[in-house]
Protein chains: 2
Amino acid sequence: MAAALDEFYERGFAAARMEDIAQRVKLSKGTLYLYFSSKDDLFRALIDTYAVPNLEQIEQIMSNAPAFSMALDAIAVFAPEMITKTHLPKLLKVLAGDSHNFPDVVQSYRSEVIDRGLAAIAGLLARADSDGEIQVDDPALVARLVIAPMVLSLLWQAVFDRTKGPAVDLARLFQLHAQYMKRALGVEDA
Amino acid sequence: MAAALDEFYERGFAAARMEDIAQRVKLSKGTLYLYFSSKDDLFRALIDTYAVPNLEQIEQIMSNAPAFSMALDAIAVFAPEMITKTHLPKLLKVLAGDSHNFPDVVQSYRSEVIDRGLAAIAGLLARADSDGEIQVDDPALVARLVIAPMVLSLLWQAVFDRTKGPAVDLARLFQLHAQYMKRALGVEDA
DNA sequence: TGCAAATAACTGACTGGTCATTTATTAATA
DNA sequence: TATTAATAAATGACCAGTCAGTTATTTGCA
């Protein structure tokens with residue numbers, strides 16, 4: 001399935017060839033059909049497999065953080081890892097690029113991963129607000145501002161990875177983001 | 001070309017059919033080939049046509065703003081427009097989705113549109129810093145934080161447009177973003 | 001103006017190649 | 001041997017790109 005993700009990532013769903021995916025794992029095309037009934041099926045299995053773990057990591061961080069500023073710091077640490085070391089950028093690109101061919105997959109990805117992730121962050125924000133740590137009017141909106149640099153970096157990684165141009169220091173970017181969010185939300189020692 | 005953009009947006013480059021693109025403008029496939037020598041050619045023409053105007057608008061706003069906080073307010077006004085009313089979300093999706101099939105197009109889009117746009121923002125930030133309006137250590141990084149919510153919203157619009165789920169109040173999102181950035185950067189009346 | 005050449009714009013059937021998927025054969029293993 | 005795993009060889013749908021021929025528009029000229 002990692003082979004399929006790479007192939008879809010590099011060519012897009014329509015242009016990716018089943019034979020090439022099979023070749024990547026030293027199998028023949030026919031064998032691939034013993035495990036996945038169709039190209040569509042493979043695509044769906046792929047998204048299902050890689051989607052859920054991402055969410056769990058975020059929910060972990062959000063639920064373990066004793067204070068919102070801690071959660072921001074935690075994000076600043078794991079975001080660069082996630083962007084440079086995991087399959088997530090590829091997954092995002094594939095999902096986005098072929099979203100219109102798989103409306104049901106996109107719908108479920110949104111409701112089961114994205115919306116839940118945003119809800120986890122919004123929940124933490126609301127809690128921090130009632131604890132008096134920060135001051136937030138609309139947690140749902142702020143949650144989007146929190147994840148925005150992550151989405152930007154994921155997309156950047158997926159699309160501009162191979163292009164020439166100034167590289168970005170992701171660690172500093174997310175440290176800065178955490179710092180700015182704290183200041184904006186009125187965390188004391190920011 | 002708008003027809004082609006729609007078709008590529010809805011199906012992806014590989015799956016889009018030249019005949020369908022032609023049909024959208026009530027022409028036959030053959031006629032389309034009188035104007036564009038190939039599917040590739042059409043794609044490239046498309047990106048070229050729609051890419052440049054986007055940049056110009058951003059550079060306008062950045063160069064006309066007398067202070068950084070004004071620029072943020074201006075962004076808060078035009079960003080929702082740009083996201084819901086222009087071709088930009090579609091363009092982003094198409095470009096991202098098929099980026100690996102057109103590395104040269106992506107490279108030039110990056111260097112001629114994205115990097116220049118970021119540089120314009122970074123320049124404004126640096127100026128505001130030396131004017132004493134704000135305090136910025138690394139304008140290039142902060143520029144990314146400034147555009148992050150725009151990228152998030154563009155992608156969201158392009159990918160989740162048709163899905164069911166809570167809608168976002170873009171106007172408020174960007175007002176909030178402007179407010180938070182001002183606070184984070186130390187603008188006085190924020 | 002009226003009419004014919006000339007040119008421009010357009011059409012849709014056709015070709016060649018490319019895969020997704022299926023079917024027939026062969027190896028491996030218990 | 002029987003069952004499972006794997007392969008290799010069809011099959012057929014699909015579509016980019018071509019081109020011989022048609023239709024619409026413009027130009028030249030009486």
# chains A, B, ... in the order shown; residues from 1 in each chain; ligands from 1
>>> interface_residues(of="chain B", to="chain C", cutoff="10 Å", atoms="only C-alpha atoms (C1' of nucleotides)", output="PDB file with C-alpha atoms, in the first residue's frame")
ATOM      1  CA  LEU B  27     -16.954  23.223 -30.149  1.00  0.00           C
ATOM      2  CA  SER B  28     -15.748  19.949 -31.510  1.00  0.00           C
ATOM      3  CA  LYS B  29     -12.590  18.316 -30.346  1.00  0.00           C
ATOM      4  CA  GLY B  30     -10.880  19.039 -33.642  1.00  0.00           C
ATOM      5  CA  THR B  31     -11.469  22.746 -33.277  1.00  0.00           C
ATOM      6  CA  LEU B  32      -9.866  22.739 -29.868  1.00  0.00           C
ATOM      7  CA  LEU B  34      -6.668  24.448 -33.773  1.00  0.00           C
TER       8      LEU B  34
END
>>> interface_residues(of="chain B", to="chain D", cutoff="12 Å", atoms="only C-alpha atoms (C1' of nucleotides)", output="tab-separated table (two decimals) with N, CA and C atoms, in the first residue's frame")
chain	number	residue	atom	x	y	z
B	14	ALA	N	-5.37	13.91	-16.05
B	14	ALA	CA	-5.37	12.67	-16.82
B	14	ALA	C	-6.77	12.22	-17.20
B	15	ALA	N	-7.72	12.39	-16.29
B	15	ALA	CA	-9.07	11.88	-16.55
B	15	ALA	C	-9.93	12.84	-17.36
B	16	ALA	N	-9.51	14.08	-17.45
B	16	ALA	CA	-10.30	15.05	-18.22
B	16	ALA	C	-10.21	14.71	-19.71
B	17	ARG	N	-11.32	14.86	-20.42
B	17	ARG	CA	-11.34	14.52	-21.83
B	17	ARG	C	-11.39	15.77	-22.69
B	18	MET	N	-10.54	15.82	-23.70
B	18	MET	CA	-10.51	16.98	-24.59
B	18	MET	C	-11.89	17.22	-25.20
B	19	GLU	N	-12.57	16.14	-25.52
B	19	GLU	CA	-13.90	16.28	-26.12
B	19	GLU	C	-14.87	17.00	-25.18
B	20	ASP	N	-14.79	16.67	-23.89
B	20	ASP	CA	-15.68	17.31	-22.92
B	20	ASP	C	-15.36	18.79	-22.79
B	29	LYS	N	-13.94	18.57	-30.81
B	29	LYS	CA	-12.59	18.32	-30.35
B	29	LYS	C	-11.55	18.84	-31.34
B	30	GLY	N	-11.82	18.60	-32.62
B	30	GLY	CA	-10.88	19.04	-33.64
B	30	GLY	C	-10.59	20.52	-33.56
B	31	THR	N	-11.64	21.30	-33.34
B	31	THR	CA	-11.47	22.75	-33.28
B	31	THR	C	-10.55	23.15	-32.13
B	32	LEU	N	-10.70	22.45	-31.03
B	32	LEU	CA	-9.87	22.74	-29.87
B	32	LEU	C	-8.39	22.63	-30.25
B	33	TYR	N	-8.12	21.65	-31.10
B	33	TYR	CA	-6.72	21.43	-31.50
B	33	TYR	C	-6.22	22.49	-32.47
B	34	LEU	N	-7.11	23.32	-32.95
B	34	LEU	CA	-6.67	24.45	-33.77
B	34	LEU	C	-6.07	25.53	-32.87
B	36	PHE	N	-5.02	24.86	-29.40
B	36	PHE	CA	-4.01	24.31	-28.50
B	36	PHE	C	-3.45	23.05	-29.12
B	37	SER	N	-2.13	22.99	-29.19
B	37	SER	CA	-1.54	21.90	-29.95
B	37	SER	C	-1.62	20.57	-29.21
B	38	SER	N	-1.84	20.60	-27.92
B	38	SER	CA	-1.97	19.34	-27.19
B	38	SER	C	-2.63	19.61	-25.84
B	39	LYS	N	-2.96	18.54	-25.16
B	39	LYS	CA	-3.57	18.64	-23.84
B	39	LYS	C	-2.59	19.34	-22.88
B	40	ASP	N	-1.35	18.95	-22.97
B	40	ASP	CA	-0.30	19.60	-22.18
B	40	ASP	C	-0.29	21.10	-22.42
>>> select_by_dssp(residues="region 38-172 of chain B", states="helix (DSSP H, G or I)", output="PyMOL selection string")
chain B and resi 39-64+68-85+88-97+99-101+103-130+139-160+170-172
>>> write_last_selection(atoms="C-alpha atoms", output="compact mmCIF listing (two decimals), in the first residue's frame")
# COMPACT_ATOMS: atom_id res chain seq x y z
CA LYS B 39 -3.57 18.64 -23.84
CA ASP B 40 -0.30 19.60 -22.18
CA ASP B 41 -0.24 22.84 -24.08
CA LEU B 42 -3.74 23.67 -22.91
CA PHE B 43 -2.79 22.97 -19.32
CA ARG B 44 0.24 25.21 -19.49
CA ALA B 45 -1.66 28.02 -21.16
CA LEU B 46 -4.24 27.74 -18.44
CA ILE B 47 -1.83 28.12 -15.56
CA ASP B 48 -0.01 30.97 -17.25
CA THR B 49 -3.22 32.86 -17.84
CA TYR B 50 -4.62 32.56 -14.36
CA ALA B 51 -1.43 32.70 -12.33
CA VAL B 52 -0.14 36.18 -12.95
CA PRO B 53 -3.23 38.25 -12.06
CA ASN B 54 -3.31 36.67 -8.58
CA LEU B 55 0.16 37.82 -7.84
CA GLU B 56 -0.49 41.31 -9.06
CA GLN B 57 -3.39 41.77 -6.69
CA ILE B 58 -1.29 40.77 -3.71
CA GLU B 59 1.60 42.98 -4.76
CA GLN B 60 -0.85 45.85 -5.19
CA ILE B 61 -2.17 45.53 -1.69
CA MET B 62 1.26 45.18 -0.20
CA SER B 63 2.71 48.18 -1.97
CA ASN B 64 -0.32 50.44 -1.38
CA PHE B 68 1.40 46.77 8.09
CA SER B 69 -1.80 46.72 10.09
CA MET B 70 -3.56 48.27 7.08
CA ALA B 71 -2.25 45.52 4.86
CA LEU B 72 -3.62 42.92 7.25
CA ASP B 73 -7.00 44.60 7.20
CA ALA B 74 -6.93 44.74 3.43
CA ILE B 75 -6.13 41.04 3.28
CA ALA B 76 -9.02 40.33 5.63
CA VAL B 77 -11.31 42.04 3.17
CA PHE B 78 -10.16 40.58 -0.11
CA ALA B 79 -9.27 37.07 1.04
CA PRO B 80 -12.89 35.90 1.44
CA GLU B 81 -13.68 37.37 -1.97
CA MET B 82 -10.71 35.67 -3.55
CA ILE B 83 -11.59 32.33 -2.01
CA THR B 84 -15.27 32.27 -2.90
CA LYS B 85 -15.39 34.27 -6.09
CA LEU B 88 -7.87 30.51 -7.49
CA PRO B 89 -9.07 27.53 -5.45
CA LYS B 90 -9.60 25.53 -8.63
CA LEU B 91 -6.23 26.59 -9.92
CA LEU B 92 -4.55 25.53 -6.72
CA LYS B 93 -6.20 22.14 -6.74
CA VAL B 94 -5.33 21.46 -10.35
CA LEU B 95 -1.78 22.64 -9.94
CA ALA B 96 -1.26 20.67 -6.75
CA GLY B 97 -2.96 17.54 -7.98
CA SER B 99 2.20 18.94 -9.96
CA HIS B 100 4.31 15.87 -10.53
CA ASN B 101 3.30 15.62 -14.16
CA PRO B 103 7.47 19.85 -12.73
CA ASP B 104 8.51 22.79 -14.88
CA VAL B 105 5.14 24.49 -14.51
CA VAL B 106 5.25 24.03 -10.75
CA GLN B 107 8.79 25.33 -10.61
CA SER B 108 7.91 28.49 -12.48
CA TYR B 109 4.70 28.98 -10.51
CA ARG B 110 6.69 28.77 -7.34
CA SER B 111 9.44 31.13 -8.33
CA GLU B 112 7.29 33.62 -10.21
CA VAL B 113 4.16 33.71 -8.10
CA ILE B 114 4.56 32.19 -4.66
CA ASP B 115 8.09 33.26 -3.84
CA ARG B 116 7.46 36.74 -5.20
CA GLY B 117 4.25 37.05 -3.19
CA LEU B 118 6.01 35.92 -0.03
CA ALA B 119 8.83 38.33 -0.74
CA ALA B 120 6.37 41.20 -1.08
CA ILE B 121 4.89 40.43 2.32
CA ALA B 122 8.29 39.90 3.90
CA GLY B 123 9.42 43.24 2.48
CA LEU B 124 6.44 45.01 3.98
CA LEU B 125 7.14 43.35 7.32
CA ALA B 126 10.78 44.41 7.25
CA ARG B 127 9.78 47.98 6.45
CA ALA B 128 7.22 48.05 9.26
CA ASP B 129 9.91 46.72 11.56
CA SER B 130 12.39 49.45 10.75
CA PRO B 139 10.16 38.39 8.00
CA ALA B 140 10.33 35.40 5.67
CA LEU B 141 8.91 33.07 8.31
CA VAL B 142 6.27 35.50 9.47
CA ALA B 143 5.17 35.99 5.87
CA ARG B 144 4.29 32.31 5.82
CA LEU B 145 2.25 32.61 8.96
CA VAL B 146 0.43 35.51 7.33
CA ILE B 147 -0.61 33.55 4.27
CA ALA B 148 -1.24 30.23 6.02
CA PRO B 149 -4.96 30.78 6.67
CA MET B 150 -5.39 31.78 3.05
CA VAL B 151 -3.83 28.59 1.80
CA LEU B 152 -5.90 26.55 4.23
CA SER B 153 -9.08 28.20 3.06
CA LEU B 154 -8.22 27.91 -0.61
CA LEU B 155 -7.56 24.21 -0.25
CA TRP B 156 -10.65 23.75 1.86
CA GLN B 157 -12.76 25.49 -0.75
CA ALA B 158 -11.29 23.41 -3.55
CA VAL B 159 -11.53 20.05 -1.81
CA PHE B 160 -14.38 20.21 0.67
CA LEU B 170 -14.47 33.44 6.15
CA ALA B 171 -14.93 37.13 6.88
CA ARG B 172 -14.69 36.53 10.62
>>> atom_distance(atom1="CA of Lys26 (chain A)", atom2="CA of Asp98 (chain B)")
26.4 Å
>>> residues_around(residues="Ala3 (chain A)", least_positions_apart="3", cutoff="8 Å", atoms="only C-alpha atoms (C1' of nucleotides)", output="NGL selection string")
:A and (6-7 or 21 or 24-25)
>>> atom_distance(atom1="CA of Thr163 (chain A)", atom2="CA of Arg11 (chain A)")
16.5 Å
>>> closest_residue(among="A:Tyr35, A:Tyr180, A:Phe102, A:Tyr9", to="chain B", atoms="only C-alpha atoms")
A:Tyr180
>>> decode(residues="chain D", atoms="C-alpha atoms (C1' of nucleotides)", output="compact mmCIF listing (two decimals), in the first residue's frame")
# COMPACT_ATOMS: atom_id res chain seq x y z
C1' DT D 1 -2.28 -34.86 -4.97
C1' DA D 2 -4.98 -30.71 -3.81
C1' DT D 3 -4.99 -26.18 -2.72
C1' DT D 4 -3.13 -21.75 -2.79
C1' DA D 5 -0.09 -18.17 -4.73
C1' DA D 6 1.67 -16.18 -8.51
C1' DT D 7 2.33 -15.18 -13.28
C1' DA D 8 1.75 -14.29 -18.12
C1' DA D 9 -1.20 -13.79 -21.86
C1' DA D 10 -5.56 -12.15 -23.60
C1' DT D 11 -9.51 -8.83 -23.98
C1' DG D 12 -11.87 -4.74 -24.56
C1' DA D 13 -12.90 0.01 -23.35
C1' DC D 14 -11.18 4.36 -23.73
C1' DC D 15 -9.24 8.60 -25.60
C1' DA D 16 -5.41 11.82 -27.48
C1' DG D 17 -4.42 13.36 -31.62
C1' DT D 18 -5.14 13.44 -36.99
C1' DC D 19 -7.20 14.76 -41.17
C1' DA D 20 -10.33 14.77 -45.22
C1' DG D 21 -14.12 17.09 -45.88
C1' DT D 22 -17.97 20.71 -44.68
C1' DT D 23 -19.79 25.17 -43.47
C1' DA D 24 -19.43 30.09 -42.54
C1' DT D 25 -17.27 34.41 -43.38
C1' DT D 26 -14.61 37.67 -45.85
C1' DT D 27 -12.66 39.68 -49.94
C1' DG D 28 -12.35 41.07 -54.79
C1' DC D 29 -14.52 42.56 -58.59
C1' DA D 30 -18.36 43.47 -62.20
